[in-house]
>>> print(open('upload-v8.tsv').read())   # TSV, C-alpha atoms and all ligand atoms
chain	number	residue	atom	x	y	z
A	1	MET	CA	103.37	14.77	38.74
A	2	ASN	CA	104.24	14.79	42.43
A	3	ILE	CA	104.34	18.45	43.47
A	4	ASN	CA	107.74	18.03	45.16
A	5	GLU	CA	109.34	16.42	42.16
A	6	ARG	CA	110.98	18.05	39.23
A	7	PRO	CA	109.47	17.34	35.80
A	8	LEU	CA	110.55	14.19	34.03
A	9	ARG	CA	113.91	15.24	32.63
A	10	ILE	CA	114.95	13.96	29.21
A	11	ALA	CA	118.38	14.52	27.66
A	12	LEU	CA	118.20	14.98	23.89
A	13	THR	CA	121.13	14.62	21.54
A	14	LYS	CA	121.49	18.04	19.92
A	15	GLY	CA	120.98	18.37	16.17
A	16	ARG	CA	119.21	15.95	13.90
A	17	LEU	CA	117.98	13.56	16.59
A	18	GLU	CA	116.74	16.58	18.58
A	19	ASN	CA	114.61	17.78	15.65
A	20	LYS	CA	113.15	14.33	15.03
A	21	THR	CA	112.40	13.83	18.72
A	22	VAL	CA	110.67	17.21	18.94
A	23	GLU	CA	108.55	16.23	15.91
A	24	LEU	CA	107.63	13.04	17.77
A	25	PHE	CA	106.72	14.97	20.95
A	26	GLU	CA	104.49	17.26	18.88
A	27	LYS	CA	102.81	14.28	17.28
A	28	ILE	CA	102.08	12.97	20.77
A	29	GLY	CA	100.53	16.36	21.58
A	30	TYR	CA	103.16	18.07	23.76
A	31	ASP	CA	103.67	21.82	23.37
A	32	CYS	CA	107.26	22.29	22.11
A	33	THR	CA	107.14	26.08	21.63
A	34	ALA	CA	109.95	26.64	24.14
A	35	VAL	CA	112.25	24.33	22.15
A	36	HIS	CA	111.45	26.10	18.88
A	37	GLU	CA	112.20	29.45	20.51
A	38	LYS	CA	115.17	28.23	22.56
A	39	GLY	CA	117.89	30.66	21.45
A	40	ARG	CA	120.92	29.54	23.49
A	41	LYS	CA	118.87	28.01	26.35
A	42	LEU	CA	119.79	24.42	27.18
A	43	ILE	CA	116.99	23.28	29.52
A	44	LEU	CA	113.49	23.72	28.13
A	45	PRO	CA	109.95	22.70	29.08
A	46	VAL	CA	107.94	20.38	26.81
A	47	GLY	CA	104.28	20.32	27.80
A	48	ASP	CA	103.63	20.57	31.58
A	49	SER	CA	105.36	17.45	32.80
A	50	ILE	CA	108.63	17.19	30.87
A	51	GLU	CA	111.78	19.22	30.52
A	52	VAL	CA	114.38	18.52	27.88
A	53	VAL	CA	118.12	19.01	28.26
A	54	LEU	CA	120.09	19.56	25.05
A	55	ALA	CA	123.46	17.79	25.12
A	56	LYS	CA	126.10	16.10	22.99
A	57	ALA	CA	125.47	12.39	22.42
A	58	ALA	CA	128.13	11.08	24.84
A	59	ASP	CA	126.94	13.52	27.52
A	60	VAL	CA	123.34	12.27	27.16
A	61	ILE	CA	124.59	8.90	28.40
A	62	THR	CA	126.63	10.49	31.21
A	63	TYR	CA	123.63	12.48	32.49
A	64	VAL	CA	121.26	9.50	32.30
A	65	GLU	CA	123.75	7.11	33.93
A	66	ASN	CA	124.24	9.53	36.81
A	67	GLY	CA	120.51	10.05	37.28
A	68	VAL	CA	120.46	13.82	36.74
A	69	CYS	CA	118.31	13.08	33.68
A	70	ASP	CA	115.67	10.35	33.93
A	71	MET	CA	115.70	9.49	30.25
A	72	GLY	CA	117.66	10.20	27.10
A	73	VAL	CA	117.48	10.01	23.31
A	74	VAL	CA	120.77	8.94	21.78
A	75	GLY	CA	122.10	7.01	18.80
A	76	LYS	CA	122.93	3.31	19.08
A	77	ASP	CA	126.43	4.27	17.85
A	78	THR	CA	127.15	6.18	21.05
A	79	ILE	CA	125.53	3.44	23.18
A	80	MET	CA	127.76	0.80	21.55
A	81	GLU	CA	130.87	2.91	22.04
A	82	MET	CA	130.22	3.96	25.65
A	83	SER	CA	128.07	1.12	27.08
A	84	GLY	CA	127.32	1.87	30.76
A	85	LYS	CA	124.56	1.23	33.28
A	86	PHE	CA	121.15	2.27	31.95
A	87	PHE	CA	118.17	0.64	30.28
A	88	GLU	CA	117.58	0.84	26.55
A	89	LEU	CA	113.79	1.04	26.17
A	90	VAL	CA	112.71	1.88	22.62
A	91	ASP	CA	114.13	1.89	19.09
A	92	LEU	CA	112.72	5.14	17.66
A	93	GLY	CA	113.39	4.03	14.08
A	94	PHE	CA	114.87	7.35	12.97
A	95	GLY	CA	118.49	8.46	12.73
A	96	LYS	CA	119.10	5.31	10.73
A	97	CYS	CA	122.61	4.53	9.50
A	98	LYS	CA	125.15	1.75	10.07
A	99	PHE	CA	128.60	1.00	11.37
A	100	ALA	CA	130.78	-0.36	8.59
A	101	LEU	CA	134.33	-1.41	7.88
A	102	ALA	CA	135.46	0.53	4.82
A	103	GLY	CA	138.59	1.32	2.88
A	104	LYS	CA	140.05	2.06	-0.53
A	105	LYS	CA	137.97	0.72	-3.39
A	106	GLY	CA	139.22	-2.54	-4.84
A	107	ASN	CA	141.66	-3.37	-2.00
A	108	ASP	CA	141.46	-6.82	-0.40
A	109	PHE	CA	141.42	-5.92	3.30
A	110	TYR	CA	142.30	-9.44	4.45
A	111	ALA	CA	145.21	-9.94	2.05
A	112	GLY	CA	148.62	-10.55	3.65
A	113	TYR	CA	149.60	-11.41	7.22
A	114	ASP	CA	150.57	-8.00	8.55
A	115	VAL	CA	148.64	-6.48	11.48
A	116	LYS	CA	146.12	-4.06	10.00
A	117	THR	CA	145.69	-0.49	11.18
A	118	ILE	CA	142.13	0.71	11.70
A	119	ALA	CA	141.25	4.41	12.03
A	120	THR	CA	138.04	5.29	13.85
A	121	LYS	CA	136.15	7.69	16.08
A	122	TYR	CA	134.79	4.57	17.81
A	123	PRO	CA	137.76	2.59	19.20
A	124	ASN	CA	135.63	0.35	21.45
A	125	VAL	CA	133.30	-0.62	18.61
A	126	ALA	CA	136.30	-1.36	16.38
A	127	ARG	CA	138.11	-3.34	19.11
A	128	ASN	CA	135.00	-5.45	19.89
A	129	TYR	CA	134.42	-6.15	16.21
A	130	PHE	CA	137.93	-7.47	15.60
A	131	GLU	CA	138.07	-9.33	18.94
A	132	LYS	CA	135.03	-11.31	17.84
A	133	LYS	CA	136.96	-12.23	14.69
A	134	ASN	CA	140.01	-13.12	16.80
A	135	MET	CA	141.97	-10.68	14.69
A	136	ASP	CA	144.75	-8.54	16.09
A	137	VAL	CA	144.58	-4.93	14.81
A	138	ASP	CA	146.12	-1.59	15.70
A	139	ILE	CA	143.50	1.06	16.35
A	140	VAL	CA	144.14	4.77	15.75
A	141	LYS	CA	141.64	7.25	17.20
A	142	ILE	CA	140.65	10.01	14.78
A	143	GLU	CA	138.32	12.86	15.78
A	144	GLY	CA	136.59	13.69	12.49
A	145	SER	CA	136.52	12.84	8.76
A	146	VAL	CA	138.02	9.42	9.44
A	147	GLU	CA	137.89	8.79	5.68
A	148	LEU	CA	141.13	10.77	5.43
A	149	ALA	CA	143.17	8.11	7.24
A	150	PRO	CA	143.22	5.42	4.48
A	151	LEU	CA	143.56	8.13	1.82
A	152	LEU	CA	146.65	9.51	3.54
A	153	GLY	CA	148.08	6.04	4.11
A	154	LEU	CA	147.67	6.06	7.90
A	155	ALA	CA	145.23	3.14	8.01
A	156	ASP	CA	144.27	0.02	6.03
A	157	ALA	CA	140.59	0.64	6.78
A	158	ILE	CA	138.16	2.63	8.90
A	159	VAL	CA	135.31	1.71	11.22
A	160	ASP	CA	132.80	4.51	10.81
A	161	ILE	CA	129.21	5.53	10.35
A	162	VAL	CA	127.81	5.24	6.85
A	163	GLU	CA	124.50	6.92	6.15
A	164	THR	CA	124.02	7.64	2.44
A	165	GLY	CA	127.47	6.34	1.42
A	166	THR	CA	128.23	9.64	-0.32
A	167	THR	CA	131.35	10.45	1.71
A	168	LEU	CA	132.87	7.05	0.91
A	169	ARG	CA	131.91	7.24	-2.76
A	170	GLU	CA	133.23	10.75	-3.30
A	171	ASN	CA	136.57	9.78	-1.78
A	172	GLY	CA	137.19	6.52	-3.67
A	173	LEU	CA	136.34	4.31	-0.69
A	174	GLU	CA	133.87	1.44	-0.29
A	175	VAL	CA	132.22	-0.64	2.42
A	176	TYR	CA	134.05	-3.93	3.01
A	177	GLU	CA	131.67	-5.24	5.69
A	178	ASP	CA	128.58	-4.04	7.55
A	179	ILE	CA	129.14	-4.11	11.31
A	180	ALA	CA	125.84	-3.08	12.91
A	181	PRO	CA	122.67	-1.11	12.17
A	182	ILE	CA	122.23	2.19	14.04
A	183	SER	CA	119.14	4.21	14.97
A	184	ALA	CA	118.00	6.51	17.78
A	185	ARG	CA	117.14	4.84	21.08
A	186	VAL	CA	115.33	5.92	24.24
A	187	ILE	CA	117.35	5.12	27.34
A	188	ALA	CA	116.40	5.45	31.02
A	189	ASN	CA	118.20	5.71	34.33
A	190	MET	CA	117.80	2.50	36.34
A	191	VAL	CA	116.64	4.20	39.55
A	192	SER	CA	114.27	6.59	37.73
A	193	LEU	CA	112.67	3.61	36.05
A	194	LYS	CA	111.72	2.30	39.50
A	195	LEU	CA	110.83	5.61	41.21
A	196	ARG	CA	108.98	7.20	38.29
A	197	LYS	CA	107.73	3.99	36.72
A	198	ALA	CA	104.18	5.18	35.97
A	199	GLU	CA	105.27	8.44	34.28
A	200	ILE	CA	107.98	6.74	32.24
A	201	GLU	CA	105.69	3.92	31.17
A	202	GLU	CA	102.99	6.38	30.16
A	203	LEU	CA	105.47	8.31	28.02
A	204	ILE	CA	106.92	5.15	26.48
A	205	ASN	CA	103.41	3.96	25.56
A	206	LYS	CA	102.69	7.28	23.87
A	207	ILE	CA	106.02	7.13	22.02
A	208	GLU	CA	105.37	3.56	20.84
A	209	GLU	CA	101.87	4.49	19.61
A	210	ASN	CA	103.30	7.39	17.59
A	211	ILE	CA	106.28	5.72	15.93
A	212	LYS	CA	104.26	2.89	14.37
B	1	LIG	C1	129.60	11.02	9.55
B	1	LIG	C2	130.54	9.86	9.31
B	1	LIG	C3	130.86	9.98	7.85
B	1	LIG	C4	129.61	10.59	7.27
B	1	LIG	C5	128.80	9.51	6.60
B	1	LIG	O1	130.36	12.14	9.78
B	1	LIG	O2	131.67	9.93	10.14
B	1	LIG	O3	131.97	10.82	7.65
B	1	LIG	O4	128.83	11.12	8.36
B	1	LIG	O5	127.64	10.01	5.97
B	1	LIG	P1	127.28	9.63	4.47
B	1	LIG	O6	127.36	8.13	4.32
B	1	LIG	O7	125.84	10.12	4.31
B	1	LIG	O8	128.22	10.34	3.56
B	1	LIG	P2	129.74	13.51	10.30
B	1	LIG	O9	128.96	14.18	9.22
B	1	LIG	O10	128.97	13.23	11.56
B	1	LIG	O11	131.01	14.44	10.57
B	1	LIG	P3	132.36	14.16	11.39
B	1	LIG	O12	133.22	13.27	10.53
B	1	LIG	O13	132.95	15.52	11.54
B	1	LIG	O14	131.99	13.52	12.68
>>> encode(input="upload-v8.tsv", output="structure tokens")
Amino acid sequence: MNINERPLRIALTKGRLENKTVELFEKIGYDCTAVHEKGRKLILPVGDSIEVVLAKAADVITYVENGVCDMGVVGKDTIMEMSGKFFELVDLGFGKCKFALAGKKGNDFYAGYDVKTIATKYPNVARNYFEKKNMDVDIVKIEGSVELAPLLGLADAIVDIVETGTTLRENGLEVYEDIAPISARVIANMVSLKLRKAEIEELINKIEENIK
């Protein structure tokens, strides 16, 4: 590391992806003690050459796009919803789930000619999906437990994340169509990738060797 430079700064999505990424860093051989003993601290050293920043998924993208973090670990769901200017470098293969169109069990979603209402936490993903089908829909943004919307009669279907399918099953809903597979991705700031190419490439090589 250049003595005048800060460590390579990596934004991690807090929670499950954070734990899996820390496991990966330990497998590579980095000392993650500070992360295990973090308390309420948000910026933590990993080994000698990296510091991790713990953030919400959408903020990981914001920090990487703006170059205050060189790299990030974030779900493909957030990448698809937010897009933005950064490079997507590696599929980490964990945090696997999918985007799906779902609704009440047994209903024919495409029946009738009325404009359908879709509830979702991911309005851009939903809009893009139906634009590709040339289908006009009304989209309602919901902040959590989107499954409620068709149950309460607010929406004909939802576009949401399905992992085990338990939430749908336990609420009398089913997947109508799969939209896209999701997993955790490593992203990098475009300028960092040029200025800190060697460090980033070295880390990416180590990551790729340890996710096989
Ligand atoms: C996600 C998603 C579903 C659920 C799917 O919600 O929105 O509700 O997980 O998981 P399953 O297929 O394993 O049941 P999350 O738990 O993130 O909570 P939220 O609705 O409050 O965002």
>>> residues_near_ligand(input="upload-v8.tsv", ligand="ligand LIG 1 (chain B)", cutoff="9 Å", atoms="all atoms listed in the file", output="CSV table (one decimal) with C-alpha atoms, in the frame of the given file")
chain,number,residue,atom,x,y,z
A,97,CYS,CA,122.6,4.5,9.5
A,98,LYS,CA,125.2,1.8,10.1
A,120,THR,CA,138.0,5.3,13.8
A,121,LYS,CA,136.2,7.7,16.1
A,143,GLU,CA,138.3,12.9,15.8
A,144,GLY,CA,136.6,13.7,12.5
A,145,SER,CA,136.5,12.8,8.8
A,146,VAL,CA,138.0,9.4,9.4
A,147,GLU,CA,137.9,8.8,5.7
A,160,ASP,CA,132.8,4.5,10.8
A,161,ILE,CA,129.2,5.5,10.4
A,162,VAL,CA,127.8,5.2,6.8
A,163,GLU,CA,124.5,6.9,6.2
A,164,THR,CA,124.0,7.6,2.4
A,165,GLY,CA,127.5,6.3,1.4
A,166,THR,CA,128.2,9.6,-0.3
A,167,THR,CA,131.4,10.4,1.7
A,168,LEU,CA,132.9,7.0,0.9
A,169,ARG,CA,131.9,7.2,-2.8
A,170,GLU,CA,133.2,10.8,-3.3
>>> closest_residue(input="upload-v8.tsv", among="A:Thr78, A:Ser83, A:Asn134, A:Thr13", to="Val52 (chain A)", atoms="only C-alpha atoms")
A:Thr13
>>> residues_near_point(input="upload-v8.tsv", point="(110.2, 2.2, 15.2)", cutoff="8 Å", atoms="only C-alpha atoms", output="JSON, numbers by chain")
{"A": [90, 91, 92, 93, 94, 208, 211, 212]}
>>> residues_around(input="upload-v8.tsv", residues="Val125 (chain A)", least_positions_apart="5", cutoff="12 Å", atoms="only C-alpha atoms", output="list in words")
Lys76, Asp77, Thr78, Ile79, Met80, Glu81, Met82, Ser83, Phe99, Ala100, Leu101, Ile118, Ala119, Thr120, Phe130, Glu131, Lys132, Ile139, Lys141, Ile158, Val159, Asp160, Ile161, Ile179 and Ala180 of chain A
>>> closest_residue(input="upload-v8.tsv", among="A:His36, A:Arg185, A:Lys197, A:Lys27", to="Ile61 (chain A)", atoms="all atoms listed in the file")
A:Arg185
>>> atom_distance(input="upload-v8.tsv", atom1="CA of Glu199 (chain A)", atom2="CA of Val186 (chain A)")
14.4 Å
>>> residues_near_point(input="upload-v8.tsv", point="(146.5, -5.3, 12.4)", cutoff="10 Å", atoms="only C-alpha atoms", output="PyMOL selection string")
chain A and resi 110+113-118+130+135-139+155-156
>>> closest_residue(input="upload-v8.tsv", among="A:Leu24, A:Ile204, A:Val74, A:Cys32", to="Asp48 (chain A)", atoms="only C-alpha atoms")
A:Cys32
>>> atom_distance(input="upload-v8.tsv", atom1="CA of Lys85 (chain A)", atom2="CA of Asn124 (chain A)")
16.2 Å
>>> atom_distance(input="upload-v8.tsv", atom1="CA of Glu37 (chain A)", atom2="CA of Arg196 (chain A)")
28.7 Å
>>> closest_residue(input="upload-v8.tsv", among="A:Lys96, A:Arg127, A:Lys104, A:Arg9", to="Gly47 (chain A)", atoms="only C-alpha atoms")
A:Arg9
